[in-house]
file entry_20.txt (compact mmCIF, C-alpha atoms and all ligand atoms)
# COMPACT_ATOMS: atom_id res chain seq x y z
CA MET A 1 5.00 17.75 10.38
CA GLY A 2 5.76 14.10 11.11
CA LEU A 3 5.99 11.42 8.46
CA LYS A 4 2.99 9.28 7.63
CA PHE A 5 3.79 5.55 7.69
CA LEU A 6 1.84 2.80 5.96
CA VAL A 7 2.63 -0.69 7.22
CA VAL A 8 1.78 -3.29 4.61
CA GLY A 9 1.31 -6.61 6.36
CA ALA A 10 0.15 -6.52 9.99
CA GLY A 11 1.87 -9.85 10.63
CA ALA A 12 4.80 -10.99 12.76
CA VAL A 13 7.25 -8.40 11.39
CA GLY A 14 5.04 -5.50 10.25
CA GLY A 15 2.76 -5.80 13.27
CA TYR A 16 5.76 -5.69 15.59
CA PHE A 17 7.76 -2.79 14.14
CA GLY A 18 4.67 -0.85 13.04
CA GLY A 19 3.21 -1.41 16.49
CA ARG A 20 6.37 -0.11 18.17
CA LEU A 21 6.28 3.01 15.98
CA LEU A 22 2.64 3.61 16.83
CA GLU A 23 3.36 3.04 20.52
CA ALA A 24 6.01 5.79 20.26
CA GLY A 25 3.37 8.23 19.02
CA GLU A 26 4.15 8.20 15.28
CA ASP A 27 1.52 8.44 12.55
CA VAL A 28 1.11 4.80 11.51
CA THR A 29 -1.67 3.14 9.50
CA PHE A 30 -1.88 -0.57 8.64
CA LEU A 31 -3.03 -1.81 5.25
CA VAL A 32 -5.03 -4.95 5.94
CA ARG A 33 -7.43 -7.38 4.31
CA PRO A 34 -10.97 -7.90 5.67
CA ASN A 35 -10.24 -10.90 7.94
CA ARG A 36 -7.26 -9.30 9.60
CA ARG A 37 -9.23 -6.05 9.96
CA LYS A 38 -12.02 -7.87 11.79
CA GLN A 39 -9.54 -9.59 14.07
CA LEU A 40 -7.63 -6.38 14.86
CA GLU A 41 -10.86 -4.46 15.51
CA GLN A 42 -11.90 -7.13 17.99
CA THR A 43 -8.62 -7.70 19.83
CA GLY A 44 -6.52 -4.60 19.09
CA LEU A 45 -2.94 -5.06 17.90
CA VAL A 46 -1.43 -7.10 20.71
CA LEU A 47 2.35 -7.39 21.10
CA GLN A 48 3.36 -10.13 23.54
CA SER A 49 7.03 -9.39 23.80
CA VAL A 50 10.02 -10.15 25.97
CA LYS A 51 10.84 -6.46 25.44
CA GLY A 52 7.53 -5.28 26.85
CA SER A 53 3.98 -6.12 25.82
CA ALA A 54 1.48 -3.63 24.44
CA LYS A 55 -2.10 -3.44 23.27
CA LEU A 56 -2.66 -0.84 20.55
CA ASP A 57 -5.58 0.44 18.56
CA PRO A 58 -4.10 1.17 15.11
CA PRO A 59 -5.77 3.01 12.24
CA LEU A 60 -6.59 0.42 9.57
CA ILE A 61 -7.12 0.87 5.85
CA GLU A 62 -8.05 -1.50 3.03
CA LYS A 63 -7.12 -1.41 -0.64
CA GLY A 64 -8.94 1.24 -2.66
CA GLU A 65 -9.55 3.54 0.33
CA ALA A 66 -8.26 7.13 0.25
CA GLY A 67 -4.98 8.30 1.75
CA THR A 68 -1.34 8.90 0.87
CA PHE A 69 1.71 8.08 2.92
CA ASP A 70 5.38 9.11 3.02
CA VAL A 71 6.88 5.77 3.99
CA VAL A 72 5.69 2.26 3.16
CA LEU A 73 7.04 -0.46 5.45
CA LEU A 74 6.59 -3.57 3.34
CA SER A 75 6.34 -6.77 5.35
CA THR A 76 4.26 -9.35 3.55
CA LYS A 77 5.69 -12.73 2.57
CA ALA A 78 7.46 -12.79 -0.78
CA TYR A 79 4.77 -14.98 -2.38
CA GLN A 80 2.16 -12.31 -1.50
CA LEU A 81 3.92 -9.48 -3.34
CA ASP A 82 2.29 -9.92 -6.76
CA ASN A 83 -1.05 -9.65 -5.07
CA VAL A 84 -0.33 -6.65 -2.84
CA LEU A 85 1.81 -4.40 -5.08
CA PRO A 86 -1.04 -3.24 -7.33
CA ASP A 87 -2.84 -2.01 -4.20
CA LEU A 88 -0.01 0.30 -3.17
CA LYS A 89 0.35 2.89 -5.92
CA GLY A 90 -2.86 4.70 -4.90
CA PHE A 91 -1.38 5.24 -1.42
CA MET A 92 1.85 6.78 -2.69
CA HIS A 93 2.89 10.27 -3.80
CA ASP A 94 5.96 11.22 -5.86
CA ASP A 95 8.32 11.16 -2.87
CA THR A 96 6.99 8.11 -1.02
CA VAL A 97 9.70 5.61 -0.17
CA VAL A 98 9.28 1.87 0.24
CA ILE A 99 11.31 0.03 2.90
CA PRO A 100 11.08 -3.72 2.36
CA LEU A 101 11.63 -5.89 5.44
CA LEU A 102 11.34 -9.26 3.72
CA ASN A 103 14.02 -11.89 4.02
CA GLY A 104 15.98 -12.56 0.84
CA ILE A 105 17.07 -10.46 -2.10
CA GLY A 106 14.90 -11.39 -5.09
CA HIS A 107 12.10 -9.04 -4.05
CA LEU A 108 14.31 -6.07 -4.92
CA ASP A 109 14.14 -7.08 -8.61
CA THR A 110 10.35 -7.25 -8.34
CA LEU A 111 10.07 -3.91 -6.54
CA ASP A 112 12.46 -2.17 -8.94
CA ARG A 113 10.35 -3.40 -11.86
CA TYR A 114 7.19 -2.24 -10.19
CA PHE A 115 8.23 1.16 -8.79
CA ASN A 116 10.78 3.74 -9.78
CA LYS A 117 14.11 2.27 -8.57
CA ASP A 118 14.79 5.40 -6.49
CA THR A 119 11.60 4.72 -4.51
CA VAL A 120 12.91 1.50 -2.98
CA LEU A 121 15.38 1.58 -0.08
CA GLY A 122 17.21 -1.44 1.27
CA GLY A 123 15.91 -2.91 4.51
CA LEU A 124 16.28 -5.90 6.80
CA CYS A 125 15.33 -6.98 10.28
CA PHE A 126 16.41 -9.45 12.92
CA ILE A 127 13.51 -10.51 15.08
CA GLU A 128 12.05 -13.81 16.20
CA SER A 129 8.32 -13.20 16.09
CA THR A 130 5.27 -15.12 15.01
CA LEU A 131 1.50 -14.76 14.87
CA THR A 132 -0.49 -16.69 17.47
CA GLU A 133 -3.84 -18.31 16.71
CA GLU A 134 -5.57 -15.22 18.14
CA GLY A 135 -3.55 -13.00 15.80
CA HIS A 136 -1.30 -11.62 18.54
CA ILE A 137 2.34 -10.88 17.71
CA LEU A 138 4.51 -13.13 19.83
CA HIS A 139 8.10 -11.91 20.12
CA THR A 140 10.17 -14.55 21.85
CA SER A 141 13.83 -13.56 22.00
CA SER A 142 15.46 -10.27 22.86
CA GLY A 143 16.56 -9.15 19.37
CA HIS A 144 14.36 -6.60 17.60
CA ARG A 145 16.62 -4.85 15.13
CA LEU A 146 15.58 -3.07 11.96
CA THR A 147 18.11 -1.54 9.56
CA PHE A 148 17.52 0.46 6.41
CA GLY A 149 19.34 2.77 4.03
CA GLU A 150 20.00 3.88 0.48
CA ARG A 151 21.14 0.98 -1.68
CA ASN A 152 23.73 3.22 -3.35
CA GLY A 153 25.50 3.68 0.00
CA GLU A 154 24.72 7.38 0.44
CA MET A 155 23.34 8.86 3.64
CA SER A 156 20.40 10.85 2.32
CA GLY A 157 18.16 13.41 3.96
CA ARG A 158 15.15 11.14 3.60
CA VAL A 159 16.88 8.25 5.37
CA THR A 160 18.01 10.55 8.19
CA ARG A 161 14.48 11.89 8.56
CA ILE A 162 12.90 8.44 8.69
CA GLY A 163 15.56 7.38 11.19
CA GLU A 164 14.57 10.29 13.43
CA SER A 165 10.96 9.07 13.42
CA PHE A 166 12.16 5.77 14.86
CA GLU A 167 14.26 7.38 17.61
CA LYS A 168 11.74 6.89 20.41
CA THR A 169 10.61 3.39 19.46
CA ASN A 170 11.15 0.41 21.72
CA ALA A 171 13.23 -1.36 19.05
CA ASP A 172 16.81 -1.14 17.80
CA VAL A 173 16.44 0.80 14.58
CA GLU A 174 19.47 2.00 12.65
CA THR A 175 20.23 3.63 9.34
CA SER A 176 23.09 2.15 7.30
CA ILE A 177 25.32 3.14 4.41
CA HIS A 178 26.08 -0.57 3.95
CA ILE A 179 22.55 -1.85 3.57
CA SER A 180 23.18 -3.87 0.39
CA GLU A 181 26.03 -5.72 2.07
CA GLY A 182 23.85 -6.18 5.15
CA MET A 183 21.03 -7.67 3.09
CA TRP A 184 23.39 -10.19 1.46
CA ARG A 185 24.81 -11.10 4.87
CA LYS A 186 21.32 -11.63 6.22
CA TYR A 187 20.45 -13.62 3.09
CA LEU A 188 23.34 -16.01 3.75
CA PHE A 189 22.38 -16.34 7.41
CA ILE A 190 18.66 -16.87 6.89
CA THR A 191 19.11 -19.27 3.99
CA THR A 192 21.39 -21.36 6.16
CA LEU A 193 19.11 -21.28 9.21
CA ALA A 194 15.88 -21.81 7.27
CA SER A 195 17.48 -24.63 5.27
CA ILE A 196 18.82 -26.66 8.16
CA THR A 197 15.86 -26.22 10.51
CA THR A 198 13.37 -27.21 7.78
CA LEU A 199 15.47 -30.09 6.45
CA PHE A 200 16.13 -31.61 9.87
CA ASN A 201 12.75 -30.50 11.20
CA CYS A 202 14.17 -29.26 14.48
CA PRO A 203 15.71 -26.23 16.16
CA VAL A 204 19.40 -25.37 15.98
CA GLY A 205 20.45 -27.27 19.15
CA PRO A 206 20.42 -30.90 17.91
CA ILE A 207 21.90 -29.91 14.54
CA ARG A 208 24.83 -28.17 16.19
CA GLU A 209 25.37 -30.99 18.68
CA SER A 210 25.79 -33.61 15.96
CA GLU A 211 29.03 -33.76 14.00
CA GLU A 212 27.08 -34.52 10.82
CA GLY A 213 24.73 -31.58 11.44
CA ARG A 214 27.67 -29.21 11.85
CA ALA A 215 29.39 -30.61 8.75
CA PHE A 216 26.21 -30.21 6.70
CA THR A 217 25.79 -26.61 7.86
CA TYR A 218 29.42 -25.81 7.06
CA GLN A 219 29.13 -27.27 3.56
CA LEU A 220 25.87 -25.45 2.95
CA ILE A 221 27.38 -22.10 3.92
CA ASP A 222 30.31 -22.83 1.62
CA GLU A 223 27.97 -23.60 -1.29
CA ILE A 224 25.90 -20.47 -0.77
CA ILE A 225 28.96 -18.28 -0.52
CA THR A 226 30.38 -19.78 -3.69
CA VAL A 227 27.17 -18.88 -5.52
CA MET A 228 27.10 -15.37 -4.05
CA ARG A 229 30.72 -14.74 -5.04
CA HIS A 230 29.79 -15.30 -8.69
CA THR A 231 27.54 -12.23 -8.59
CA ASP A 232 28.73 -8.61 -8.70
CA GLU A 233 27.37 -8.03 -5.21
CA PRO A 234 29.36 -6.78 -2.17
CA ILE A 235 30.27 -10.21 -0.74
CA LYS A 236 33.16 -9.69 1.69
CA ASP A 237 35.78 -12.28 2.66
CA ASP A 238 34.43 -12.57 6.22
CA PHE A 239 30.85 -13.45 5.18
CA ALA A 240 31.10 -17.22 5.72
CA ASP A 241 33.04 -16.92 8.94
CA LYS A 242 30.60 -14.45 10.43
CA ALA A 243 27.58 -16.52 9.39
CA TRP A 244 29.15 -19.58 11.03
CA ARG A 245 29.87 -17.68 14.24
CA GLN A 246 26.32 -16.29 14.25
CA PHE A 247 24.98 -19.85 13.86
CA MET A 248 27.16 -21.11 16.74
CA LYS A 249 25.90 -18.31 19.02
CA LEU A 250 22.18 -18.92 18.51
CA SER A 251 20.20 -20.28 21.42
CA GLU A 252 19.42 -24.00 21.20
CA GLU A 253 15.69 -23.47 20.61
CA THR A 254 16.11 -21.11 17.65
CA LYS A 255 14.17 -22.02 14.52
CA ALA A 256 13.79 -19.97 11.37
CA SER A 257 10.36 -18.45 10.75
CA MET A 258 10.23 -20.74 7.70
CA GLN A 259 10.35 -23.78 10.00
CA LYS A 260 7.63 -22.28 12.20
CA ASP A 261 5.47 -21.75 9.10
CA LEU A 262 6.14 -25.31 8.01
CA GLU A 263 5.05 -26.63 11.43
CA LYS A 264 1.82 -24.61 11.10
CA GLY A 265 1.19 -26.06 7.62
CA LEU A 266 1.53 -22.59 6.02
CA PRO A 267 3.13 -21.73 2.67
CA VAL A 268 6.91 -21.18 2.72
CA GLU A 269 9.20 -18.79 0.81
CA ALA A 270 11.20 -21.64 -0.77
CA ASP A 271 11.30 -20.14 -4.26
CA HIS A 272 12.26 -16.75 -2.87
CA ILE A 273 14.98 -17.89 -0.46
CA GLN A 274 16.54 -21.15 -1.71
CA GLY A 275 15.08 -21.04 -5.24
CA TYR A 276 16.54 -17.64 -6.10
CA LEU A 277 20.02 -18.85 -5.09
CA LEU A 278 19.55 -22.01 -7.14
CA GLN A 279 18.72 -19.86 -10.16
CA LEU A 280 21.95 -17.92 -9.61
CA ALA A 281 23.83 -21.21 -9.21
CA GLU A 282 22.45 -22.48 -12.52
CA LYS A 283 23.30 -19.22 -14.28
CA HIS A 284 26.89 -19.31 -13.01
CA GLU A 285 27.25 -23.12 -13.30
CA VAL A 286 27.94 -23.70 -9.61
CA SER A 287 27.22 -27.15 -8.20
CA THR A 288 24.88 -26.93 -5.14
CA PRO A 289 23.82 -30.45 -4.03
CA TYR A 290 23.13 -29.46 -0.40
CA LEU A 291 20.96 -26.48 -1.32
CA GLN A 292 19.19 -28.60 -3.93
CA ALA A 293 18.36 -31.23 -1.28
CA VAL A 294 16.94 -28.53 1.01
CA TYR A 295 14.85 -27.06 -1.80
CA THR A 296 13.57 -30.49 -2.84
CA ASN A 297 12.44 -31.13 0.73
CA LEU A 298 10.49 -27.85 0.69
CA LYS A 299 8.95 -28.53 -2.72
CA VAL A 300 7.77 -31.96 -1.53
CA TYR A 301 6.24 -30.25 1.52
CA GLU A 302 4.46 -27.74 -0.75
CA ARG A 303 3.20 -30.60 -2.93
CA MET A 304 1.84 -32.54 0.06
CA LYS A 305 0.22 -29.38 1.40
CA ASP A 306 -1.49 -28.68 -1.93
CA ASP A 307 -2.76 -32.27 -2.07
CA GLY A 308 -4.32 -31.68 1.38
N1 LIG A 401 8.68 -13.78 11.46
C1 LIG A 401 9.96 -13.53 11.62
O1 LIG A 401 10.50 -13.84 12.69
C2 LIG A 401 10.75 -12.88 10.54
C3 LIG A 401 10.28 -12.77 9.24
N2 LIG A 401 11.03 -12.12 8.28
C4 LIG A 401 10.54 -11.96 6.91
O2 LIG A 401 9.57 -10.92 6.94
C5 LIG A 401 8.58 -11.14 5.91
C6 LIG A 401 7.20 -11.14 6.55
O3 LIG A 401 7.13 -12.27 7.40
P1 LIG A 401 6.10 -12.40 8.61
O4 LIG A 401 5.81 -11.08 9.18
O5 LIG A 401 6.62 -13.47 9.48
O6 LIG A 401 4.81 -12.93 7.82
P2 LIG A 401 3.31 -12.97 8.36
O7 LIG A 401 2.63 -14.04 7.56
O8 LIG A 401 3.27 -13.05 9.84
O9 LIG A 401 2.75 -11.56 7.93
C7 LIG A 401 2.45 -11.23 6.64
C8 LIG A 401 1.25 -10.31 6.70
O10 LIG A 401 1.01 -9.77 5.41
C9 LIG A 401 -0.37 -9.63 5.29
N3 LIG A 401 -0.77 -9.53 3.89
C10 LIG A 401 -0.53 -10.40 2.88
N4 LIG A 401 -1.06 -9.96 1.74
C11 LIG A 401 -1.67 -8.78 2.03
C12 LIG A 401 -2.43 -7.85 1.25
N5 LIG A 401 -2.67 -8.04 -0.05
N6 LIG A 401 -2.92 -6.76 1.89
C13 LIG A 401 -2.69 -6.55 3.20
N7 LIG A 401 -1.97 -7.40 3.99
C14 LIG A 401 -1.48 -8.50 3.39
C15 LIG A 401 -0.93 -10.88 5.92
O11 LIG A 401 -2.27 -10.63 6.27
P3 LIG A 401 -3.50 -11.64 6.05
O12 LIG A 401 -3.92 -11.99 7.44
O13 LIG A 401 -4.50 -10.81 5.32
O14 LIG A 401 -2.99 -12.81 5.26
C16 LIG A 401 -0.02 -11.00 7.14
O15 LIG A 401 -0.56 -10.32 8.24
C17 LIG A 401 8.99 -12.45 5.24
O16 LIG A 401 9.76 -12.20 4.10
C18 LIG A 401 9.84 -13.16 6.32
O17 LIG A 401 10.77 -14.07 5.75
C19 LIG A 401 12.21 -11.51 8.59
C20 LIG A 401 12.72 -11.59 9.86
C21 LIG A 401 12.05 -12.30 10.91
C1 LIG A 402 16.44 -15.84 11.99
C2 LIG A 402 15.45 -14.73 12.08
C3 LIG A 402 14.53 -14.95 13.26
C4 LIG A 402 16.21 -13.46 12.33
O1 LIG A 402 15.46 -12.35 12.12
C5 LIG A 402 14.68 -14.64 10.78
O2 LIG A 402 14.89 -13.76 9.98
C6 LIG A 402 13.64 -15.62 10.43
O3 LIG A 402 13.47 -16.62 11.14
O4 LIG A 402 12.96 -15.40 9.40
call {"tool": "encode", "arguments": {"input": "entry_20.txt", "output": "structure tokens"}}
result
Amino acid sequence: MGLKFLVVGAGAVGGYFGGRLLEAGEDVTFLVRPNRRKQLEQTGLVLQSVKGSAKLDPPLIEKGEAGTFDVVLLSTKAYQLDNVLPDLKGFMHDDTVVIPLLNGIGHLDTLDRYFNKDTVLGGLCFIESTLTEEGHILHTSSGHRLTFGERNGEMSGRVTRIGESFEKTNADVETSIHISEGMWRKYLFITTLASITTLFNCPVGPIRESEEGRAFTYQLIDEIITVMRHTDEPIKDDFADKAWRQFMKLSEETKASMQKDLEKGLPVEADHIQGYLLQLAEKHEVSTPYLQAVYTNLKVYERMKDDG
């Protein structure tokens, strides 16, 4: 029998990858709140994608309803976790695994505290997607990669089995025995991209074209790497170089999802992305003026947003 998937967060990431799984014929249900349920019942789950659009009619479930699932694909924002986690235990059995797709690293501490540590795999994704006003998932550039694996670096039967479920999906899904390293690499990349696009309030193009923009980005990467190297995590020598090359290869219009959220006046994951690194910097007494400036900009934004 096939695995039963529960996608938690029918937004830009969960809606996309969950939708692709459903499109491939897998058993996928979406945990939603009442407003999103109403919207999805009216419009269907619509993927407007450069990789092929689709309109799907997914099974929906709300907190407290009956049902258990084998795999939870967790794709809310970090600041929504405290609210959503208590709703999940009722949907899980002893062998259910959770695959988090959030950006960042700090959520692993939260999830490990909340579930049995063995329940939580490592996961990450590269995709540029956003929710439109109608609630459609708009996927704008060709990447749609999801990677997951055991955080202890083993290739387990459960990871292999979940990987097989993704085989027919219209997305690049891979299992990895280096998922922890991959998550830290992505954390460096996304912190850099989210920081510069929110601070300069523009896409990558103008930042890269200006000497000062490039210098700022270079310094920021250096600061983040210095902080990361003070941890016991698998931070390889080529991290900074690869992040820089990735930044130089991006298309001119690329913006981090954090910048898109900021433009829409939505909450941002500042505490989760930049704030978590600043906590590590404080703990290890690393000076981080560039990251601090980025974080301050985001906190001022949050303040202005709260004041209406
Ligand atoms: N967008 C992107 O391009 C990328 C984003 N990421 C990361 O992925 C994560 C998710 O981001 P993204 O998909 O963009 O965020 P979205 O805001 O688009 O989606 C989050 C979804 O979670 C739902 N949700 C929140 N709380 C609950 C709850 N209690 N019960 C059910 N559903 C809930 C929201 O539904 P509701 O309508 O009810 O609020 C919303 O649909 C973030 O960590 C982000 O940084 C990673 C790579 C790329
Ligand atoms: C940079 C990108 C699009 C890669 O997935 C991302 O993670 C984000 O903007 O949140």
call {"tool": "closest_residue", "arguments": {"input": "entry_20.txt", "among": "A:Ser210, A:Thr192, A:Ser257, A:Gln274", "to": "Ala240 of chain A", "atoms": "all atoms listed in the file"}}
result
A:Thr192
call {"tool": "residues_around", "arguments": {"input": "entry_20.txt", "residues": "Thr43 of chain A", "least_positions_apart": "6", "cutoff": "12 Å", "atoms": "only C-alpha atoms", "output": "PyMOL selection string"}}
result
chain A and resi 36-37+54-58+134-137
call {"tool": "closest_residue", "arguments": {"input": "entry_20.txt", "among": "A:Thr198, A:Thr76, A:Gln42, A:Thr169", "to": "Pro100 of chain A", "atoms": "all atoms listed in the file"}}
result
A:Thr76
call {"tool": "residues_near_point", "arguments": {"input": "entry_20.txt", "point": "(-7.4, 0.1, -3.0)", "cutoff": "9 Å", "atoms": "all atoms listed in the file", "output": "ChimeraX atom specification"}}
result
/A:61-66,86-91
call {"tool": "residues_near_ligand", "arguments": {"input": "entry_20.txt", "ligand": "ligand LIG 402 (chain A)", "cutoff": "6 Å", "atoms": "all atoms listed in the file", "output": "PyMOL selection string"}}
result
chain A and resi 125-128+190+256-257
call {"tool": "closest_atom_pairs", "arguments": {"input": "entry_20.txt", "of": "chain A", "to": "ligand LIG 401 (chain A)", "cutoff": "6 Å", "atoms": "all atoms listed in the file", "output": "tab-separated table"}}
result
residue	atom	partner	partner_atom	distance
A:Val8	CA	A:LIG401	N7	5.6
A:Gly9	CA	A:LIG401	O10	3.3
A:Ala10	CA	A:LIG401	O15	4.2
A:Gly11	CA	A:LIG401	O9	3.3
A:Ala12	CA	A:LIG401	O4	3.7
A:Val13	CA	A:LIG401	O4	3.8
A:Gly14	CA	A:LIG401	O4	5.7
A:Leu31	CA	A:LIG401	C13	5.2
A:Val32	CA	A:LIG401	C13	3.9
A:Arg33	CA	A:LIG401	O13	4.6
A:Arg36	CA	A:LIG401	O12	4.8
A:Ser75	CA	A:LIG401	C6	4.6
A:Thr76	CA	A:LIG401	O10	3.8
A:Lys77	CA	A:LIG401	C17	4.3
A:Ala78	CA	A:LIG401	O16	5.4
A:Gln80	CA	A:LIG401	N4	5.1
A:Asn83	CA	A:LIG401	N5	5.5
A:Val84	CA	A:LIG401	N5	3.9
A:Leu101	CA	A:LIG401	O2	5.6
A:Leu102	CA	A:LIG401	O16	3.4
A:Asn103	CA	A:LIG401	O16	4.3
A:Cys125	CA	A:LIG401	C20	5.3
A:Phe126	CA	A:LIG401	C20	5.2
A:Ile127	CA	A:LIG401	C21	4.8
A:Glu128	CA	A:LIG401	O1	3.8
A:Ser129	CA	A:LIG401	O1	4.1
A:Thr130	CA	A:LIG401	N1	5.1
A:Leu131	CA	A:LIG401	O8	5.6
A:Ser257	CA	A:LIG401	O1	5.0
call {"tool": "closest_residue", "arguments": {"input": "entry_20.txt", "among": "A:Leu21, A:Met155, A:Leu3, A:Val294", "to": "Ile196 of chain A", "atoms": "all atoms listed in the file"}}
result
A:Val294
call {"tool": "atom_distance", "arguments": {"input": "entry_20.txt", "atom1": "atom CA of Leu188 of chain A", "atom2": "atom CA of Thr140 of chain A"}}
result
22.4 Å
call {"tool": "build_atoms", "arguments": {"input": "entry_20.txt", "residues": "segment 187-208 of chain A", "atoms": "N, CA and C atoms", "output": "PDB file, keeping the file's coordinate frame"}}
result
ATOM      1  N   TYR A 187      20.931 -12.583   4.020  1.00  0.00           N
ATOM      2  CA  TYR A 187      20.450 -13.620   3.090  1.00  0.00           C
ATOM      3  C   TYR A 187      21.230 -14.924   3.305  1.00  0.00           C
ATOM      4  N   LEU A 188      22.532 -14.814   3.478  1.00  0.00           N
ATOM      5  CA  LEU A 188      23.340 -16.010   3.750  1.00  0.00           C
ATOM      6  C   LEU A 188      22.897 -16.652   5.061  1.00  0.00           C
ATOM      7  N   PHE A 189      22.730 -15.820   6.084  1.00  0.00           N
ATOM      8  CA  PHE A 189      22.380 -16.340   7.410  1.00  0.00           C
ATOM      9  C   PHE A 189      21.007 -17.015   7.390  1.00  0.00           C
ATOM     10  N   ILE A 190      20.024 -16.325   6.820  1.00  0.00           N
ATOM     11  CA  ILE A 190      18.660 -16.870   6.890  1.00  0.00           C
ATOM     12  C   ILE A 190      18.506 -18.082   5.978  1.00  0.00           C
ATOM     13  N   THR A 191      19.206 -18.082   4.853  1.00  0.00           N
ATOM     14  CA  THR A 191      19.110 -19.270   3.990  1.00  0.00           C
ATOM     15  C   THR A 191      19.678 -20.476   4.725  1.00  0.00           C
ATOM     16  N   THR A 192      20.783 -20.255   5.410  1.00  0.00           N
ATOM     17  CA  THR A 192      21.390 -21.360   6.160  1.00  0.00           C
ATOM     18  C   THR A 192      20.435 -21.847   7.258  1.00  0.00           C
ATOM     19  N   LEU A 193      19.960 -20.897   8.068  1.00  0.00           N
ATOM     20  CA  LEU A 193      19.110 -21.280   9.210  1.00  0.00           C
ATOM     21  C   LEU A 193      17.786 -21.904   8.752  1.00  0.00           C
ATOM     22  N   ALA A 194      17.166 -21.283   7.756  1.00  0.00           N
ATOM     23  CA  ALA A 194      15.880 -21.810   7.270  1.00  0.00           C
ATOM     24  C   ALA A 194      16.096 -23.187   6.643  1.00  0.00           C
ATOM     25  N   SER A 195      17.224 -23.363   5.968  1.00  0.00           N
ATOM     26  CA  SER A 195      17.480 -24.630   5.270  1.00  0.00           C
ATOM     27  C   SER A 195      17.681 -25.770   6.263  1.00  0.00           C
ATOM     28  N   ILE A 196      18.528 -25.537   7.257  1.00  0.00           N
ATOM     29  CA  ILE A 196      18.820 -26.660   8.160  1.00  0.00           C
ATOM     30  C   ILE A 196      17.647 -26.956   9.096  1.00  0.00           C
ATOM     31  N   THR A 197      16.956 -25.918   9.575  1.00  0.00           N
ATOM     32  CA  THR A 197      15.860 -26.220  10.510  1.00  0.00           C
ATOM     33  C   THR A 197      14.676 -26.871   9.780  1.00  0.00           C
ATOM     34  N   THR A 198      14.466 -26.526   8.507  1.00  0.00           N
ATOM     35  CA  THR A 198      13.370 -27.210   7.780  1.00  0.00           C
ATOM     36  C   THR A 198      13.803 -28.611   7.347  1.00  0.00           C
ATOM     37  N   LEU A 199      15.045 -28.770   6.914  1.00  0.00           N
ATOM     38  CA  LEU A 199      15.470 -30.090   6.450  1.00  0.00           C
ATOM     39  C   LEU A 199      15.493 -31.101   7.592  1.00  0.00           C
ATOM     40  N   PHE A 200      16.021 -30.668   8.743  1.00  0.00           N
ATOM     41  CA  PHE A 200      16.130 -31.610   9.870  1.00  0.00           C
ATOM     42  C   PHE A 200      14.920 -31.525  10.795  1.00  0.00           C
ATOM     43  N   ASN A 201      14.005 -30.601  10.476  1.00  0.00           N
ATOM     44  CA  ASN A 201      12.750 -30.500  11.200  1.00  0.00           C
ATOM     45  C   ASN A 201      12.960 -30.352  12.710  1.00  0.00           C
ATOM     46  N   CYS A 202      13.865 -29.457  13.059  1.00  0.00           N
ATOM     47  CA  CYS A 202      14.170 -29.260  14.480  1.00  0.00           C
ATOM     48  C   CYS A 202      14.844 -27.906  14.674  1.00  0.00           C
ATOM     49  N   PRO A 203      14.976 -27.480  15.926  1.00  0.00           N
ATOM     50  CA  PRO A 203      15.710 -26.230  16.160  1.00  0.00           C
ATOM     51  C   PRO A 203      17.214 -26.432  16.000  1.00  0.00           C
ATOM     52  N   VAL A 204      17.950 -25.365  16.215  1.00  0.00           N
ATOM     53  CA  VAL A 204      19.400 -25.370  15.980  1.00  0.00           C
ATOM     54  C   VAL A 204      20.161 -26.361  16.885  1.00  0.00           C
ATOM     55  N   GLY A 205      19.699 -26.490  18.161  1.00  0.00           N
ATOM     56  CA  GLY A 205      20.450 -27.270  19.150  1.00  0.00           C
ATOM     57  C   GLY A 205      20.928 -28.626  18.652  1.00  0.00           C
ATOM     58  N   PRO A 206      19.997 -29.547  18.312  1.00  0.00           N
ATOM     59  CA  PRO A 206      20.420 -30.900  17.910  1.00  0.00           C
ATOM     60  C   PRO A 206      21.303 -30.898  16.646  1.00  0.00           C
ATOM     61  N   ILE A 207      21.095 -29.946  15.774  1.00  0.00           N
ATOM     62  CA  ILE A 207      21.900 -29.910  14.540  1.00  0.00           C
ATOM     63  C   ILE A 207      23.349 -29.580  14.909  1.00  0.00           C
ATOM     64  N   ARG A 208      23.487 -28.603  15.806  1.00  0.00           N
ATOM     65  CA  ARG A 208      24.830 -28.170  16.190  1.00  0.00           C
ATOM     66  C   ARG A 208      25.545 -29.214  17.035  1.00  0.00           C
TER      67      ARG A 208
END
